[in-house]
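Colleague: Got target_9.txt for you, compact mmCIF, N, CA and C atoms:
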# COMPACT_ATOMS: atom_id res chain seq x y z
N MET A 1 44.04 71.45 127.15
CA MET A 1 44.21 72.81 126.73
C MET A 1 44.80 73.62 127.88
N LEU A 2 45.74 74.53 127.54
CA LEU A 2 46.41 75.34 128.55
C LEU A 2 45.55 76.55 128.90
N SER A 3 45.55 76.88 130.17
CA SER A 3 44.83 78.09 130.58
C SER A 3 45.67 79.31 130.24
N SER A 4 45.05 80.45 130.16
CA SER A 4 45.77 81.68 129.79
C SER A 4 46.79 82.07 130.85
N SER A 5 46.52 81.79 132.11
CA SER A 5 47.47 82.16 133.16
C SER A 5 48.74 81.30 133.07
N SER A 6 48.61 80.05 132.78
CA SER A 6 49.80 79.21 132.65
C SER A 6 50.58 79.55 131.39
N LEU A 7 49.88 79.95 130.36
CA LEU A 7 50.55 80.37 129.13
C LEU A 7 51.36 81.66 129.36
N VAL A 8 50.78 82.62 130.07
CA VAL A 8 51.46 83.88 130.38
C VAL A 8 52.66 83.60 131.28
N ARG A 9 52.47 82.73 132.28
CA ARG A 9 53.56 82.39 133.19
C ARG A 9 54.72 81.75 132.41
N GLY A 10 54.41 80.90 131.48
CA GLY A 10 55.44 80.25 130.67
C GLY A 10 56.17 81.24 129.77
N LEU A 11 55.46 82.20 129.21
CA LEU A 11 56.09 83.23 128.38
C LEU A 11 57.00 84.12 129.20
N ARG A 12 56.54 84.49 130.40
CA ARG A 12 57.38 85.33 131.27
C ARG A 12 58.68 84.61 131.64
N ALA A 13 58.57 83.36 131.98
CA ALA A 13 59.75 82.59 132.38
C ALA A 13 60.73 82.46 131.22
N SER A 14 60.23 82.19 130.02
CA SER A 14 61.14 82.03 128.90
C SER A 14 61.75 83.37 128.48
N SER A 15 60.96 84.46 128.58
CA SER A 15 61.52 85.76 128.21
C SER A 15 62.57 86.22 129.20
N SER A 16 62.39 85.91 130.47
CA SER A 16 63.41 86.31 131.45
C SER A 16 64.69 85.51 131.25
N ARG A 17 64.56 84.25 130.82
CA ARG A 17 65.75 83.46 130.55
C ARG A 17 66.49 83.99 129.33
N ILE A 18 65.77 84.44 128.34
CA ILE A 18 66.40 84.97 127.13
C ILE A 18 67.11 86.28 127.44
N GLN A 19 66.52 87.11 128.26
CA GLN A 19 67.11 88.41 128.57
C GLN A 19 68.36 88.26 129.42
N CYS A 20 68.41 87.28 130.28
CA CYS A 20 69.55 87.13 131.19
C CYS A 20 70.72 86.39 130.55
N LYS A 21 70.51 85.80 129.40
CA LYS A 21 71.58 85.03 128.79
C LYS A 21 72.63 85.98 128.20
N ARG A 22 73.87 85.82 128.63
CA ARG A 22 74.96 86.66 128.15
C ARG A 22 76.00 85.74 127.54
N PHE A 23 76.40 86.04 126.32
CA PHE A 23 77.31 85.15 125.62
C PHE A 23 78.78 85.47 125.87
N ALA A 24 79.16 86.74 125.92
CA ALA A 24 80.58 87.09 125.95
C ALA A 24 81.11 87.37 127.35
N SER A 25 80.25 87.61 128.31
CA SER A 25 80.75 87.96 129.64
C SER A 25 80.02 87.14 130.69
N HIS A 26 80.61 87.09 131.86
CA HIS A 26 80.05 86.29 132.94
C HIS A 26 79.44 87.14 134.03
N GLU A 27 79.80 88.39 134.10
CA GLU A 27 79.29 89.26 135.15
C GLU A 27 79.32 90.70 134.68
N ALA A 28 79.01 91.60 135.55
CA ALA A 28 78.98 93.02 135.20
C ALA A 28 80.39 93.49 134.83
N PRO A 29 80.50 94.49 133.95
CA PRO A 29 81.83 94.97 133.56
C PRO A 29 82.59 95.54 134.74
N GLN A 30 83.89 95.28 134.77
CA GLN A 30 84.72 95.77 135.86
C GLN A 30 85.66 96.83 135.31
N TYR A 31 85.75 97.94 135.99
CA TYR A 31 86.66 99.00 135.62
C TYR A 31 86.97 99.82 136.86
N ASN A 32 88.00 100.60 136.76
CA ASN A 32 88.37 101.45 137.89
C ASN A 32 87.48 102.68 137.88
N GLU A 33 86.82 102.89 139.00
CA GLU A 33 85.97 104.07 139.12
C GLU A 33 86.82 105.33 139.04
N PRO A 34 86.34 106.38 138.39
CA PRO A 34 87.11 107.62 138.34
C PRO A 34 87.26 108.22 139.73
N SER A 35 88.49 108.60 140.06
CA SER A 35 88.74 109.15 141.39
C SER A 35 88.96 110.66 141.36
N GLY A 36 89.18 111.22 140.18
CA GLY A 36 89.43 112.65 140.09
C GLY A 36 90.91 112.99 140.14
N TRP A 37 91.76 112.01 140.44
CA TRP A 37 93.20 112.24 140.49
C TRP A 37 93.83 111.75 139.19
N LEU A 38 94.92 112.40 138.77
CA LEU A 38 95.62 112.00 137.56
C LEU A 38 96.16 110.59 137.72
N PHE A 39 95.81 109.70 136.81
CA PHE A 39 96.17 108.29 136.84
C PHE A 39 95.70 107.59 138.11
N GLY A 40 94.72 108.15 138.79
CA GLY A 40 94.17 107.53 140.00
C GLY A 40 95.14 107.55 141.17
N GLU A 41 96.09 108.46 141.16
CA GLU A 41 97.15 108.49 142.18
C GLU A 41 97.04 109.80 142.96
N LYS A 42 96.84 109.70 144.26
CA LYS A 42 96.74 110.90 145.08
C LYS A 42 98.11 111.57 145.18
N PRO A 43 98.16 112.90 145.12
CA PRO A 43 99.46 113.56 145.28
C PRO A 43 99.98 113.39 146.70
N PRO A 44 101.32 113.32 146.85
CA PRO A 44 101.88 113.15 148.20
C PRO A 44 101.67 114.43 149.02
N PRO A 45 101.75 114.31 150.33
CA PRO A 45 101.61 115.50 151.17
C PRO A 45 102.74 116.50 150.89
N PRO A 46 102.54 117.76 151.19
CA PRO A 46 103.59 118.77 150.94
C PRO A 46 104.89 118.39 151.65
N GLY A 47 106.00 118.56 150.92
CA GLY A 47 107.31 118.26 151.48
C GLY A 47 107.78 116.85 151.18
N GLN A 48 106.94 116.01 150.64
CA GLN A 48 107.35 114.65 150.31
C GLN A 48 107.38 114.48 148.80
N LYS A 49 108.33 113.66 148.33
CA LYS A 49 108.44 113.38 146.89
C LYS A 49 107.66 112.12 146.56
N ARG A 50 107.24 112.04 145.35
CA ARG A 50 106.53 110.86 144.87
C ARG A 50 107.54 109.72 144.71
N VAL A 51 107.20 108.55 145.15
CA VAL A 51 108.07 107.38 145.04
C VAL A 51 107.76 106.70 143.70
N LYS A 52 108.81 106.55 142.88
CA LYS A 52 108.63 105.90 141.58
C LYS A 52 108.54 104.40 141.77
N GLU A 53 107.82 103.77 140.86
CA GLU A 53 107.77 102.31 140.86
C GLU A 53 109.00 101.79 140.12
N ASP A 54 109.29 100.49 140.29
CA ASP A 54 110.51 99.90 139.73
C ASP A 54 110.57 99.98 138.20
N TRP A 55 109.45 99.84 137.53
CA TRP A 55 109.44 99.76 136.07
C TRP A 55 109.54 101.13 135.40
N GLU A 56 109.34 102.21 136.12
CA GLU A 56 109.26 103.52 135.49
C GLU A 56 110.57 103.96 134.85
N ASN A 57 111.70 103.80 135.53
CA ASN A 57 112.99 104.20 134.95
C ASN A 57 113.32 103.37 133.71
N VAL A 58 113.03 102.08 133.75
CA VAL A 58 113.29 101.21 132.60
C VAL A 58 112.44 101.68 131.42
N TRP A 59 111.20 102.06 131.68
CA TRP A 59 110.32 102.51 130.61
C TRP A 59 110.84 103.81 130.00
N TYR A 60 111.25 104.77 130.84
CA TYR A 60 111.77 106.04 130.33
C TYR A 60 113.02 105.82 129.48
N ILE A 61 113.94 105.02 129.98
CA ILE A 61 115.18 104.76 129.24
C ILE A 61 114.88 104.06 127.92
N GLY A 62 114.02 103.06 127.96
CA GLY A 62 113.67 102.34 126.74
C GLY A 62 112.93 103.20 125.73
N MET A 63 111.99 103.98 126.18
CA MET A 63 111.18 104.79 125.28
C MET A 63 112.01 105.90 124.63
N PHE A 64 112.66 106.71 125.45
CA PHE A 64 113.41 107.84 124.89
C PHE A 64 114.72 107.41 124.27
N GLY A 65 115.32 106.33 124.74
CA GLY A 65 116.51 105.79 124.09
C GLY A 65 116.20 105.28 122.70
N THR A 66 115.06 104.62 122.55
CA THR A 66 114.65 104.14 121.24
C THR A 66 114.38 105.30 120.30
N MET A 67 113.74 106.36 120.81
CA MET A 67 113.48 107.54 119.97
C MET A 67 114.79 108.19 119.52
N ALA A 68 115.75 108.31 120.41
CA ALA A 68 117.04 108.90 120.05
C ALA A 68 117.76 108.03 119.02
N PHE A 69 117.76 106.73 119.22
CA PHE A 69 118.40 105.81 118.28
C PHE A 69 117.74 105.90 116.91
N ALA A 70 116.41 105.94 116.87
CA ALA A 70 115.70 106.03 115.58
C ALA A 70 115.99 107.36 114.89
N THR A 71 116.11 108.44 115.66
CA THR A 71 116.42 109.74 115.08
C THR A 71 117.80 109.72 114.42
N VAL A 72 118.79 109.17 115.11
CA VAL A 72 120.15 109.10 114.55
C VAL A 72 120.17 108.21 113.32
N MET A 73 119.49 107.07 113.38
CA MET A 73 119.49 106.16 112.23
C MET A 73 118.79 106.77 111.03
N LEU A 74 117.71 107.50 111.24
CA LEU A 74 117.02 108.15 110.12
C LEU A 74 117.85 109.28 109.53
N TYR A 75 118.62 109.97 110.38
CA TYR A 75 119.45 111.06 109.88
C TYR A 75 120.57 110.53 108.98
N TYR A 76 121.15 109.41 109.35
CA TYR A 76 122.29 108.86 108.61
C TYR A 76 121.92 107.72 107.66
N LYS A 77 120.65 107.55 107.35
CA LYS A 77 120.27 106.44 106.46
C LYS A 77 120.81 106.68 105.05
N PRO A 78 121.13 105.61 104.33
CA PRO A 78 121.67 105.78 102.98
C PRO A 78 120.58 106.27 102.01
N ASP A 79 121.02 106.98 100.97
CA ASP A 79 120.10 107.48 99.96
C ASP A 79 119.86 106.37 98.95
N THR A 80 118.66 105.85 98.92
CA THR A 80 118.34 104.74 98.03
C THR A 80 117.23 105.11 97.05
N SER A 81 117.07 106.39 96.76
CA SER A 81 115.99 106.79 95.85
C SER A 81 116.37 106.50 94.40
N VAL A 82 115.38 106.34 93.58
CA VAL A 82 115.58 106.05 92.16
C VAL A 82 116.21 107.26 91.47
N GLN A 83 115.82 108.46 91.87
CA GLN A 83 116.36 109.68 91.24
C GLN A 83 117.87 109.81 91.45
N SER A 84 118.34 109.57 92.65
CA SER A 84 119.79 109.69 92.89
C SER A 84 120.56 108.60 92.14
N TRP A 85 119.99 107.39 92.06
CA TRP A 85 120.65 106.33 91.30
C TRP A 85 120.71 106.70 89.81
N ALA A 86 119.60 107.24 89.27
CA ALA A 86 119.57 107.59 87.84
C ALA A 86 120.54 108.73 87.55
N LEU A 87 120.65 109.71 88.44
CA LEU A 87 121.60 110.80 88.24
C LEU A 87 123.03 110.28 88.22
N GLN A 88 123.37 109.42 89.15
CA GLN A 88 124.72 108.84 89.20
C GLN A 88 125.01 108.02 87.95
N GLU A 89 124.02 107.22 87.51
CA GLU A 89 124.18 106.40 86.31
C GLU A 89 124.37 107.28 85.07
N ALA A 90 123.61 108.37 84.98
CA ALA A 90 123.73 109.27 83.83
C ALA A 90 125.10 109.94 83.81
N LYS A 91 125.60 110.35 84.99
CA LYS A 91 126.93 110.97 85.06
C LYS A 91 128.00 109.98 84.60
N GLU A 92 127.90 108.73 85.06
CA GLU A 92 128.90 107.74 84.67
C GLU A 92 128.87 107.48 83.16
N ARG A 93 127.70 107.38 82.57
CA ARG A 93 127.60 107.13 81.13
C ARG A 93 128.10 108.32 80.32
N MET A 94 127.81 109.54 80.78
CA MET A 94 128.28 110.72 80.06
C MET A 94 129.80 110.83 80.15
N GLU A 95 130.38 110.50 81.30
CA GLU A 95 131.84 110.52 81.43
C GLU A 95 132.47 109.46 80.52
N ALA A 96 131.82 108.29 80.41
CA ALA A 96 132.36 107.23 79.56
C ALA A 96 132.35 107.65 78.08
N ARG A 97 131.39 108.47 77.67
CA ARG A 97 131.32 108.94 76.29
C ARG A 97 132.19 110.18 76.08
N GLY A 98 132.73 110.74 77.14
CA GLY A 98 133.58 111.91 77.03
C GLY A 98 132.81 113.23 77.06
N GLU A 99 131.57 113.19 77.47
CA GLU A 99 130.77 114.42 77.56
C GLU A 99 130.89 115.01 78.95
N LYS A 100 130.66 116.30 79.04
CA LYS A 100 130.66 116.96 80.34
C LYS A 100 129.23 116.92 80.88
N TYR A 101 129.12 116.62 82.14
CA TYR A 101 127.79 116.56 82.73
C TYR A 101 127.47 117.81 83.53
N GLN A 102 128.43 118.71 83.69
CA GLN A 102 128.16 119.97 84.36
C GLN A 102 128.14 121.08 83.33
N TYR A 103 127.24 122.01 83.53
CA TYR A 103 127.11 123.11 82.58
C TYR A 103 128.24 124.10 82.80
N GLU A 104 128.92 124.41 81.73
CA GLU A 104 129.95 125.46 81.76
C GLU A 104 129.63 126.43 80.63
N PRO A 105 129.35 127.66 80.95
CA PRO A 105 128.97 128.61 79.90
C PRO A 105 130.13 128.87 78.94
N GLN A 106 129.79 128.97 77.67
CA GLN A 106 130.78 129.28 76.63
C GLN A 106 131.05 130.78 76.65
N PRO A 107 132.28 131.15 76.39
CA PRO A 107 132.53 132.60 76.31
C PRO A 107 131.77 133.17 75.11
N SER A 108 131.14 134.30 75.33
CA SER A 108 130.33 134.89 74.25
C SER A 108 131.28 135.49 73.19
N PRO A 109 130.88 135.35 71.94
CA PRO A 109 131.75 135.91 70.86
C PRO A 109 131.74 137.45 70.95
N PRO A 110 132.85 138.04 70.55
CA PRO A 110 132.90 139.51 70.63
C PRO A 110 131.87 140.13 69.68
N SER A 111 131.24 141.13 70.14
CA SER A 111 130.21 141.78 69.34
C SER A 111 130.86 142.80 68.39
N THR A 112 130.32 142.89 67.19
CA THR A 112 130.83 143.84 66.21
C THR A 112 129.87 145.03 66.14
N SER A 113 130.35 146.16 66.51
CA SER A 113 129.50 147.33 66.43
C SER A 113 130.12 148.40 65.63
Give the structure from the file, written as structure tokens.
Modeller:
Amino acid sequence: MLSSSSLVRGLRASSSRIQCKRFASHEAPQYNEPSGWLFGEKPPPPGQKRVKEDWENVWYIGMFGTMAFATVMLYYKPDTSVQSWALQEAKERMEARGEKYQYEPQPSPPSTS
């Protein structure tokens, strides 16, 4: 028969093993501590300009160039709506039957007074 002290010791050991078991990570989370500076970058001393990294110009050209290209393409995209197709089809069919598709007011008959 087990003594109560050995039973308690065994429970403590197994509970500590269960608590320490981590499935998704191997150590404490790693992140950049907040420094108080924008993007963690200290401003240069007065009179000096900030030195850009190599990738920054490529990113600006790619990002804003893509936006400009998408704006131009959306402005000049073809009209593919069902309404415009139906209007064009109706105009063609009315012309084929000899009907006018634009409203032209009839001259009003002279009034007799």
Colleague: At what distance in Å, to one decimal, does CA of Tyr103 (chain A) lie from CA of Lys91 (chain A)?
Modeller: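 Spanning CA of Lys91 (chain A) to CA of Tyr103 (chain A) is a straight-line distance of 12.4 Å.
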Colleague: I'd like the interatomic distance between atom C of Gln83 (chain A) and atom C of Pro105 (chain A), to a tenth of an Å.
Modeller: 25.9 Å
Colleague: One decimal, in Å: what's the spacing between CA of Gln102 (chain A) and CA of Ala90 (chain A)?
Modeller: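 Taking CA of Gln102 (chain A) and CA of Ala90 (chain A), their separation equals 11.6 Å.
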Colleague: Place N, CA, C and O atoms on region 32-54 of chain A and deliver the coordinates as a short mmCIF file (atom, residue, chain, number, x, y, z; two decimals), in the frame of the given file.
Modeller:
data_model
loop_
_atom_site.label_atom_id
_atom_site.label_comp_id
_atom_site.auth_asym_id
_atom_site.auth_seq_id
_atom_site.Cartn_x
_atom_site.Cartn_y
_atom_site.Cartn_z
N ASN A 32 88.00 100.60 136.76
CA ASN A 32 88.37 101.45 137.89
C ASN A 32 87.48 102.68 137.88
O ASN A 32 87.41 103.40 136.90
N GLU A 33 86.82 102.89 139.00
CA GLU A 33 85.97 104.07 139.12
C GLU A 33 86.82 105.33 139.04
O GLU A 33 87.94 105.36 139.57
N PRO A 34 86.34 106.38 138.39
CA PRO A 34 87.11 107.62 138.34
C PRO A 34 87.26 108.22 139.73
O PRO A 34 86.30 108.30 140.48
N SER A 35 88.49 108.60 140.06
CA SER A 35 88.74 109.15 141.39
C SER A 35 88.96 110.66 141.36
O SER A 35 88.95 111.30 142.40
N GLY A 36 89.18 111.22 140.18
CA GLY A 36 89.43 112.65 140.09
C GLY A 36 90.91 112.99 140.14
O GLY A 36 91.29 114.13 139.94
N TRP A 37 91.76 112.01 140.44
CA TRP A 37 93.20 112.24 140.49
C TRP A 37 93.83 111.75 139.19
O TRP A 37 93.36 110.79 138.59
N LEU A 38 94.92 112.40 138.77
CA LEU A 38 95.62 112.00 137.56
C LEU A 38 96.16 110.59 137.72
O LEU A 38 96.90 110.30 138.67
N PHE A 39 95.81 109.70 136.81
CA PHE A 39 96.17 108.29 136.84
C PHE A 39 95.70 107.59 138.11
O PHE A 39 96.24 106.56 138.49
N GLY A 40 94.72 108.15 138.79
CA GLY A 40 94.17 107.53 140.00
C GLY A 40 95.14 107.55 141.17
O GLY A 40 95.03 106.74 142.08
N GLU A 41 96.09 108.46 141.16
CA GLU A 41 97.15 108.49 142.18
C GLU A 41 97.04 109.80 142.96
O GLU A 41 97.12 110.88 142.39
N LYS A 42 96.84 109.70 144.26
CA LYS A 42 96.74 110.90 145.08
C LYS A 42 98.11 111.57 145.18
O LYS A 42 99.13 110.89 145.30
N PRO A 43 98.16 112.90 145.12
CA PRO A 43 99.46 113.56 145.28
C PRO A 43 99.98 113.39 146.70
O PRO A 43 99.20 113.31 147.64
N PRO A 44 101.32 113.32 146.85
CA PRO A 44 101.88 113.15 148.20
C PRO A 44 101.67 114.43 149.02
O PRO A 44 101.48 115.51 148.47
N PRO A 45 101.75 114.31 150.33
CA PRO A 45 101.61 115.50 151.17
C PRO A 45 102.74 116.50 150.89
O PRO A 45 103.80 116.12 150.39
N PRO A 46 102.54 117.76 151.19
CA PRO A 46 103.59 118.77 150.94
C PRO A 46 104.89 118.39 151.65
O PRO A 46 104.89 117.94 152.78
N GLY A 47 106.00 118.56 150.92
CA GLY A 47 107.31 118.26 151.48
C GLY A 47 107.78 116.85 151.18
O GLY A 47 108.93 116.52 151.48
N GLN A 48 106.94 116.01 150.64
CA GLN A 48 107.35 114.65 150.31
C GLN A 48 107.38 114.48 148.80
O GLN A 48 106.59 115.07 148.08
N LYS A 49 108.33 113.66 148.33
CA LYS A 49 108.44 113.38 146.89
C LYS A 49 107.66 112.12 146.56
O LYS A 49 107.52 111.23 147.41
N ARG A 50 107.24 112.04 145.35
CA ARG A 50 106.53 110.86 144.87
C ARG A 50 107.54 109.72 144.71
O ARG A 50 108.62 109.90 144.17
N VAL A 51 107.20 108.55 145.15
CA VAL A 51 108.07 107.38 145.04
C VAL A 51 107.76 106.70 143.70
O VAL A 51 106.63 106.33 143.42
N LYS A 52 108.81 106.55 142.88
CA LYS A 52 108.63 105.90 141.58
C LYS A 52 108.54 104.40 141.77
O LYS A 52 109.15 103.83 142.68
N GLU A 53 107.82 103.77 140.86
CA GLU A 53 107.77 102.31 140.86
C GLU A 53 109.00 101.79 140.12
O GLU A 53 109.67 102.52 139.40
N ASP A 54 109.29 100.49 140.29
CA ASP A 54 110.51 99.90 139.73
C ASP A 54 110.57 99.98 138.20
O ASP A 54 111.63 100.17 137.63
#
